[in-house]
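S.K.: Here's a structure for you.
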Amino acid sequence: MHGRLQLIKNDRFIVFTLLLVLPSCISYVKTTPSPLPGIYHTVEKGQTLWRICNNYGVDLQEVAELNNIKEPSMIKEGQKIFIPGADLIKKVIPYEYDATRDKVVLQTDRFIWPVQGNIISQFGMKDGLKYNGIDIAVPFGTPVKAAQAGKVVFSDFLRGYGNTIILDHGGGWVTIYGYHEKNFVKKGALVKQGDVIASVGRQAFHPPQPCLHFQVRKENKARNPLFFLPQP
């Protein structure tokens, strides 16, 4: 198992990717925000999330996670919902809400919080870019805990995210932790849920602020961490 950094240049941005050779496949883990094609649909009276997603032919769970919609029955008239991959606004006929159709899956017992603090950057879309994780503000030096038992597949400096750790939890699940003051575990180490793996440093943006960058991935697809962590 080995890792190396690959620098990909684009006329709009620079993406740093980490090539990981995992037991079953090669995964490309994008850490920095990247463009995601799509449009915003403005919710009209009587429209349900299921009906909107059905008309656009997109996955309801993906749309819910991108837009931080944990309860589809709570979407409101005038709310803007990002529809990935769409390029044309579609007319959506009002439809009666049905809890069996408008169902969002929350697995809030899968991971524990790596740190406890205020979320200062959300997962999802902002200014045309998709943010693949969350940033949690906590005091400098706060211990970072493993969100689940796993194996350390990366523990090193990652440009843009400083000292970074990646844990492989098996079954396609991976968590990423960045902005560390110091990493306490090395590549190849086995950790238990709750083990301290690092201490919080500062983000790379200005002004620098102590916080932890945290990502959850399934089969290398970035998932919204708030759908897999205990609710506050």
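Just remember, in the structure tokens the first chain shown is A, the second B, etc., residues are 1-based per chain, and ligands are 1-based in the order shown.
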Where in chain A does DSSP assign strand (DSSP E), given as an MDAnalysis selection string?

M.R.: chainID A and resid 3:9 14:21 26:30 34:35 38:42 80:84 118:121 124:126 129:131 134:137 143:145 150:158 162:170 173:183 190:191 196:200 211:218 221:223

S.K.: Keeping only C-alpha atoms, write the selected residues to a file as a compact mmCIF listing (two decimals), in the first residue's frame.

M.R.:
# COMPACT_ATOMS: atom_id res chain seq x y z
CA GLY A 3 0.42 6.96 -1.53
CA ARG A 4 1.56 9.87 -3.66
CA LEU A 5 0.32 13.34 -4.44
CA GLN A 6 -0.83 14.31 -7.88
CA LEU A 7 -1.21 17.95 -8.84
CA ILE A 8 -3.97 18.64 -11.35
CA LYS A 9 -4.16 22.15 -12.80
CA ILE A 14 -5.97 23.72 -8.47
CA VAL A 15 -7.01 20.36 -7.10
CA PHE A 16 -4.62 18.31 -5.02
CA THR A 17 -5.49 14.62 -5.00
CA LEU A 18 -4.10 11.80 -2.96
CA LEU A 19 -3.69 8.49 -4.78
CA LEU A 20 -4.36 5.68 -2.36
CA VAL A 21 -3.81 2.07 -3.21
CA ILE A 26 -7.14 2.73 -6.44
CA SER A 27 -9.06 5.69 -4.98
CA TYR A 28 -8.75 9.36 -5.85
CA VAL A 29 -9.48 11.41 -2.76
CA LYS A 30 -10.19 15.04 -3.62
CA SER A 34 -14.25 21.36 -6.99
CA PRO A 35 -16.87 22.50 -9.55
CA GLY A 38 -25.96 21.50 -11.93
CA ILE A 39 -28.62 24.12 -11.33
CA TYR A 40 -30.75 25.47 -8.49
CA HIS A 41 -34.44 24.60 -8.46
CA THR A 42 -36.70 27.02 -6.59
CA LYS A 80 -33.41 26.87 -3.56
CA ILE A 81 -32.27 23.26 -3.98
CA PHE A 82 -29.14 22.35 -5.94
CA ILE A 83 -29.81 19.62 -8.54
CA PRO A 84 -26.52 17.95 -9.61
CA ASN A 118 -19.12 24.81 16.00
CA ILE A 119 -19.35 23.98 12.30
CA ILE A 120 -17.93 26.93 10.38
CA SER A 121 -18.01 25.36 6.92
CA GLY A 124 -22.31 20.90 -0.06
CA MET A 125 -22.45 23.67 -2.63
CA LYS A 126 -21.14 27.21 -2.31
CA LEU A 129 -18.02 24.61 -5.82
CA LYS A 130 -18.71 21.42 -3.94
CA TYR A 131 -17.21 21.20 -0.45
CA ILE A 134 -17.06 20.10 7.20
CA ASP A 135 -14.79 22.38 9.24
CA ILE A 136 -15.30 22.31 13.01
CA ALA A 137 -13.96 25.21 15.07
CA PRO A 143 -7.35 16.16 20.71
CA VAL A 144 -8.77 14.65 17.49
CA LYS A 145 -10.46 11.27 17.95
CA GLY A 150 -9.86 1.56 11.34
CA LYS A 151 -6.43 1.45 9.75
CA VAL A 152 -4.27 4.50 9.07
CA VAL A 153 -3.64 4.55 5.31
CA PHE A 154 -2.19 8.07 5.20
CA SER A 155 -0.48 10.20 7.85
CA ASP A 156 1.57 13.01 6.39
CA PHE A 157 1.52 16.59 5.15
CA LEU A 158 -1.05 17.30 2.41
CA GLY A 162 -1.50 20.55 6.42
CA ASN A 163 -0.96 17.47 8.55
CA THR A 164 -3.64 15.02 7.46
CA ILE A 165 -4.76 11.53 8.46
CA ILE A 166 -6.92 9.13 6.45
CA LEU A 167 -8.52 6.09 8.09
CA ASP A 168 -9.86 3.08 6.20
CA HIS A 169 -12.75 1.50 8.12
CA GLY A 170 -13.48 -1.34 5.70
CA TRP A 173 -15.87 3.62 4.35
CA VAL A 174 -13.06 6.16 4.79
CA THR A 175 -12.70 9.23 7.02
CA ILE A 176 -10.31 12.15 6.44
CA TYR A 177 -8.98 14.52 9.12
CA GLY A 178 -7.03 17.69 8.29
CA TYR A 179 -5.52 20.96 9.62
CA HIS A 180 -3.63 19.17 12.40
CA GLU A 181 -1.02 20.71 14.64
CA LYS A 182 0.53 17.24 14.89
CA ASN A 183 -0.29 13.69 13.83
CA LEU A 190 -4.69 0.19 13.77
CA VAL A 191 -6.84 2.51 15.87
CA VAL A 196 -6.66 10.23 19.91
CA ILE A 197 -4.93 10.40 16.52
CA ALA A 198 -3.91 14.07 16.27
CA SER A 199 -4.18 17.56 17.74
CA VAL A 200 -6.05 20.43 16.06
CA CYS A 211 -10.41 23.97 13.36
CA LEU A 212 -10.62 20.40 12.12
CA HIS A 213 -11.45 19.47 8.54
CA PHE A 214 -13.46 16.23 8.48
CA GLN A 215 -14.72 14.11 5.60
CA VAL A 216 -16.72 10.90 5.33
CA ARG A 217 -16.49 8.80 2.16
CA LYS A 218 -18.20 5.65 0.93
CA LYS A 221 -17.80 9.25 -2.85
CA ALA A 222 -17.90 12.19 -0.45
CA ARG A 223 -20.92 11.94 1.87

S.K.: Excluding segment 54-69 of chain A and residues on its chain fewer than 3 positions from it, collect all residues at most 6 Å away from it, counting only C-alpha atoms, and give them as a list in words.

M.R.: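 Here the qualifying residues turn out to be Trp50, Arg51, Val104, Gly124 and Asn224 of chain A.
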
S.K.: Kindly indicate which residue among A:Val115, A:Val43, A:Ala204, A:Met74 lies nearest to Val138 of chain A, using only C-alpha atoms for the distances.

M.R.: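 Comparing A:Val115, A:Val43, A:Ala204, A:Met74 against Val138 of chain A, the winner is A:Val115.
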
S.K.: Do you know which residues are at most 7 Å from Phe227 of chain A counting only C-alpha atoms, after dropping those on the same chain fewer than 2 positions away, and could you put them as a compact mmCIF listing (two decimals) with C-alpha atoms, in the first residue's frame?

M.R.:
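Dumped everything to result08.txt:
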# COMPACT_ATOMS: atom_id res chain seq x y z
CA LEU A 106 -29.64 8.99 8.44
CA GLN A 107 -27.05 6.66 9.98
CA THR A 108 -26.31 8.76 13.03
CA ASN A 224 -22.36 14.56 4.19
CA PRO A 225 -20.80 13.88 7.61
CA LEU A 229 -22.82 11.60 13.13

S.K.: One decimal, Å: what's the distance from atom CA of Gly78 of chain A over to atom CA of Tyr97 of chain A, could you say?

M.R.: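 Taking atom CA of Gly78 of chain A and atom CA of Tyr97 of chain A, their separation equals 17.1 Å.
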
S.K.: Could you please determine the separation between atom CA of Thr48 of chain A and atom CA of Gly85 of chain A in Å, to one decimal place?

M.R.: 19.3 Å
